[in-house]
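Down below is the structure, laid out as structure tokens.
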Amino acid sequence: MKKVFGRLKQNKYLLAGVIMTGIAVLLALVSIFWTPYSTTAMSAAEKFDAPSFRHLFGTDNFGRDIFSRVMKGMGTTILISTLVVLLAGAAGILIGALTGYFGGIVDEIVMRITDAINGFPSILLALVVITLMGSGRQNLIISLAIVFTPSFVRIVRSEFIRLRDADYILRARLMGVGKLRILFVHILPNIFSTFWVSVMIGFNNAILAESGMSYLGIGVQPPDATLGMMLSDAQGYLTTAPWYALAPGLSIVWLVLGFSLLSEGIRRQA
Amino acid sequence: MKYILKKIATLIMTLFLVSVAAFVAFQIIPGDVVTSILGTEATEEREEQLREELGLNDPPVTRYINWVGDVVKGDLGESYRFSKNMNEMMPVKELIGDKLPVTLWLAAIAVVLIIVISIPLGVFWAKSKSKVLDAVMGVLTQTAMAIPSFFLGILVTYLFGIVFKWFTPGGYVSYQENFWGFMGYLFFPALSVAIPKIAMTARFLRNSMITEMKGDYVRTAYSKGCNDRRVMYLHVLRNAMMPVITFLGMIIAEIVAGSIVVEQVFGLPGIGRLLISSISTRDFPVVQILILYITFVVIFVYFLVDILYRVIDPRISNK
């Protein structure tokens with residue numbers, strides 16, 4: 001524990017990243033059990049209240065408490081991004097490990113495909129998948145996972161290529177260790193320092209993509225509160241209630257900034 | 001020359017693959033379009049007749065060749081959603097025609113803004129020896145990179161549209177009516193697309209320049225008696241620009257994607273909005289052509305960057 005704090009003190013990026021993402025995750029977790037107000041309770045008397053101690057971020061066009069809705073929205077965004085990164089990361093490890101270690105024609109083909117997908121704006125590709133599968137939370141997660149898998153494949157593959165001819169792997173092979181064991185017990189643990197950086201970058205992109213899609217109305221559907229959807233609702237009331245747009249918008253910035261500081265911090269640590 | 005030919009071959013190959021992917025995704029997977037045109041109440045014979053008319057009974061390879069042939073000839077198919085009048089369906093071509101310039105101009109202004117602002121900014125940042133400035137720029141660019149373009153669009157609308165009143169939010173001017181009014185309105189969405197990319201490019205250029213400044217040739221240039229400005233702009237910047245050009249090429253794809261979202265924020269009638277509304281109404285023919293078009297543009301830009309890179313740095317051809 002002391003060692004962890006020592007590291008955090010030296011690495012300002014890591015410290016700032018941990019604090020920012022920590023606060024966001026904490027708020028999201030709390031929102032599962034408790035929010036200051038109900039996220040759906042409307043109140044005509046409290047329409048468009050400016051931020052105050054009563055309503056930290058003010059209220060929206062239905063008199064709903066924006067802070068409570070931001071908490072819930074952050075929860076939705078973090079949950080979806082986590083699932084996306086988990087799915088894409090797992091697929092990336094599997095495909096990257098096999099193609100990187102064995103090489104050959106399959107590797108060549110997979111690389112061409114990942115190159116093609118990587119060069120493409122991620123939101124556009126996710127839109128194509130969503131068009132074919134229809135919108136909704138589940139399809140959003142699957143489509144984003146498909147879009148983000150290639151970036152993980154790339155990282156994992158290059159790490160496996162780097163380690164496949166290392167002396168200790170050669171020795172393990174000579175000792176008759178099975179292929180799967182070499183892949184996942186001997187090589188995999190050694191790539192995690194690099195892999196974590198790409199996981200954080202993945203989080204970053206997943207948050208941006210999710211909020212972008214729900215802003216466009218193709219992601220998560222109401223009545224679930226999401227930051228992107230709140231932003232698009234708020235846009236119509238920019239003159240009367242600018243805080244309505246600022247609250248979800250700044251929350252997205254907070255999340256993205258937190259994860260990018262975290263990835264920078266981990267990179268410098270390694 | 002051999003390199004360029006090879007690149008052209010890859011380009012054609014990629015375009016072919018993309019068109020096959022688009023064909024499979026939008027013509028094969030969604031299945032029969034007959035019910036979506038005729039409704040569920042149509043008779044068997046009518047359905048069969050339409051299937052024959054649309055060529056749906058042909059084998060996939062024939063359908064692909066026919067489809068590509070049509071697209072090349074300029075027949076982009078017809079929208080499911082829009083119709084010209086009772087009997088005539090709306091050709092996708094007409095639907096896209098006047099929307100395309102809006103998106104292209106938006107992306108073009110954004111690219112110009114990025115180049116014009118980020119390069120001097122990056123040079124200035126790399127040259128400065130002040131630690132405070134370095135930290136401030138670091139925080140500023142990191143924050144700018146974290147703002148999604150649609151939120152930036154809302155901030156720009158609020159600040160320049162509502163507080164300063166430099167433009168009327170939602171008051172889009174068509175380019176056919178008043179070109180300069182159109183450009184004036186487009187400046188603000190373009191700014192929203194450009195700001196995060198300006199931050200990225202400036203950071204990238206600064207790091208690239210700092211690496212280059214350690215090079216031996218910089219010391220040689222100074223000892224020859226070149227002044228600071230000459231060394232910076234003639235020697236260092238030129239070398240530091242190499243990776244930046246590739247980087248800019250890579251960003252183009254994201255600028256196109258960013259424009260699509262920002263069009264929604266500013267109510268611009270570009271292809272981005274058409275794409276989004278076609279997706280939510282599952283208007284496949286329109287989505288298909290738009291995706292194909294955007295992909296082609298992106299691939300072509302990558303191709304140009306590859307060629308340009310080689311022209312600027314002839315050393316690569318020897319490797």
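As shown in the structure tokens, the chain order sets the letters A, B, ...; within each chain, residues go from 1, and ligands are also counted from 1 in the order they appear.
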query = Quick one: residues within 9 Å of range 233-245 of chain B, only C-alpha atoms counted, chain neighbours fewer than 3 positions away excluded, as a PyMOL selection string?
reply = chain B and resi 123+201+204-213+215+217-218+221+228-230+248-250+305+308-309+312-313
Got a sec: who's within 12 Å of Leu79 in chain A, counting only C-alpha atoms, leaving out chain neighbours fewer than 6 positions off, as a PDB file with C-alpha atoms, in the first residue's frame?
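So the final result, stored in selection_23.pdb, reads:
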```
ATOM      1  CA  ALA A  24     -16.442   9.351 -11.396  1.00  0.00           C
ATOM      2  CA  VAL A  25     -16.558   5.623 -10.635  1.00  0.00           C
ATOM      3  CA  ALA A  28     -21.546   5.964 -10.604  1.00  0.00           C
ATOM      4  CA  LEU A  29     -21.429   3.198  -8.003  1.00  0.00           C
ATOM      5  CA  ILE A  32     -26.914   2.388  -8.238  1.00  0.00           C
ATOM      6  CA  LYS A  72     -26.893   7.802 -13.418  1.00  0.00           C
ATOM      7  CA  GLY A  73     -25.659   8.801 -16.860  1.00  0.00           C
ATOM      8  CA  VAL A  85     -13.315  -2.802 -23.424  1.00  0.00           C
ATOM      9  CA  LEU A  86     -13.716  -6.201 -21.750  1.00  0.00           C
ATOM     10  CA  ARG A 137     -27.982  -0.924 -25.571  1.00  0.00           C
ATOM     11  CA  GLN A 138     -26.925  -4.483 -26.382  1.00  0.00           C
ATOM     12  CA  ILE A 141     -22.011  -2.667 -26.943  1.00  0.00           C
ATOM     13  CA  PHE A 203     -11.828   3.312 -22.349  1.00  0.00           C
ATOM     14  CA  ALA A 206     -15.327   3.927 -25.885  1.00  0.00           C
ATOM     15  CA  ILE A 207     -16.608   6.785 -23.733  1.00  0.00           C
ATOM     16  CA  GLU A 210     -20.827   5.894 -26.628  1.00  0.00           C
ATOM     17  CA  VAL A 220     -28.993   3.777 -25.530  1.00  0.00           C
ATOM     18  CA  THR A 226     -27.047   8.887 -20.644  1.00  0.00           C
TER      19      THR A 226
END
```
request  = Any chance you could list, as a ChimeraX atom specification, the residues in range 24-188 of chain B that come up helix (DSSP H, G or I) when DSSP is run on the backbone?
outcome  = /B:24-28,34-38,44-54,60-73,92-97,100-127,131-146,149-163,179-188
message = With 8 Å as the limit and counting only C-alpha atoms, what residues in chain A lie close to chain B? Please list them as a ChimeraX atom specification.
response = /A:119-121,123-124,127-128,131-132,208,212,216,218,231,235,238-239,242,245,249,252-254,256-257,260
query = Could you state the separation of CA of Leu8 in chain A and CA of Leu262 in chain A in Å, given to one decimal place?
reply =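 Between CA of Leu8 in chain A and CA of Leu262 in chain A the gap is 11.0 Å.
Proximity ranking of B:Glu94, B:Glu263, B:Asp216, B:Glu177 relative to Val286 in chain B places B:Glu94 first, based on only C-alpha atoms.
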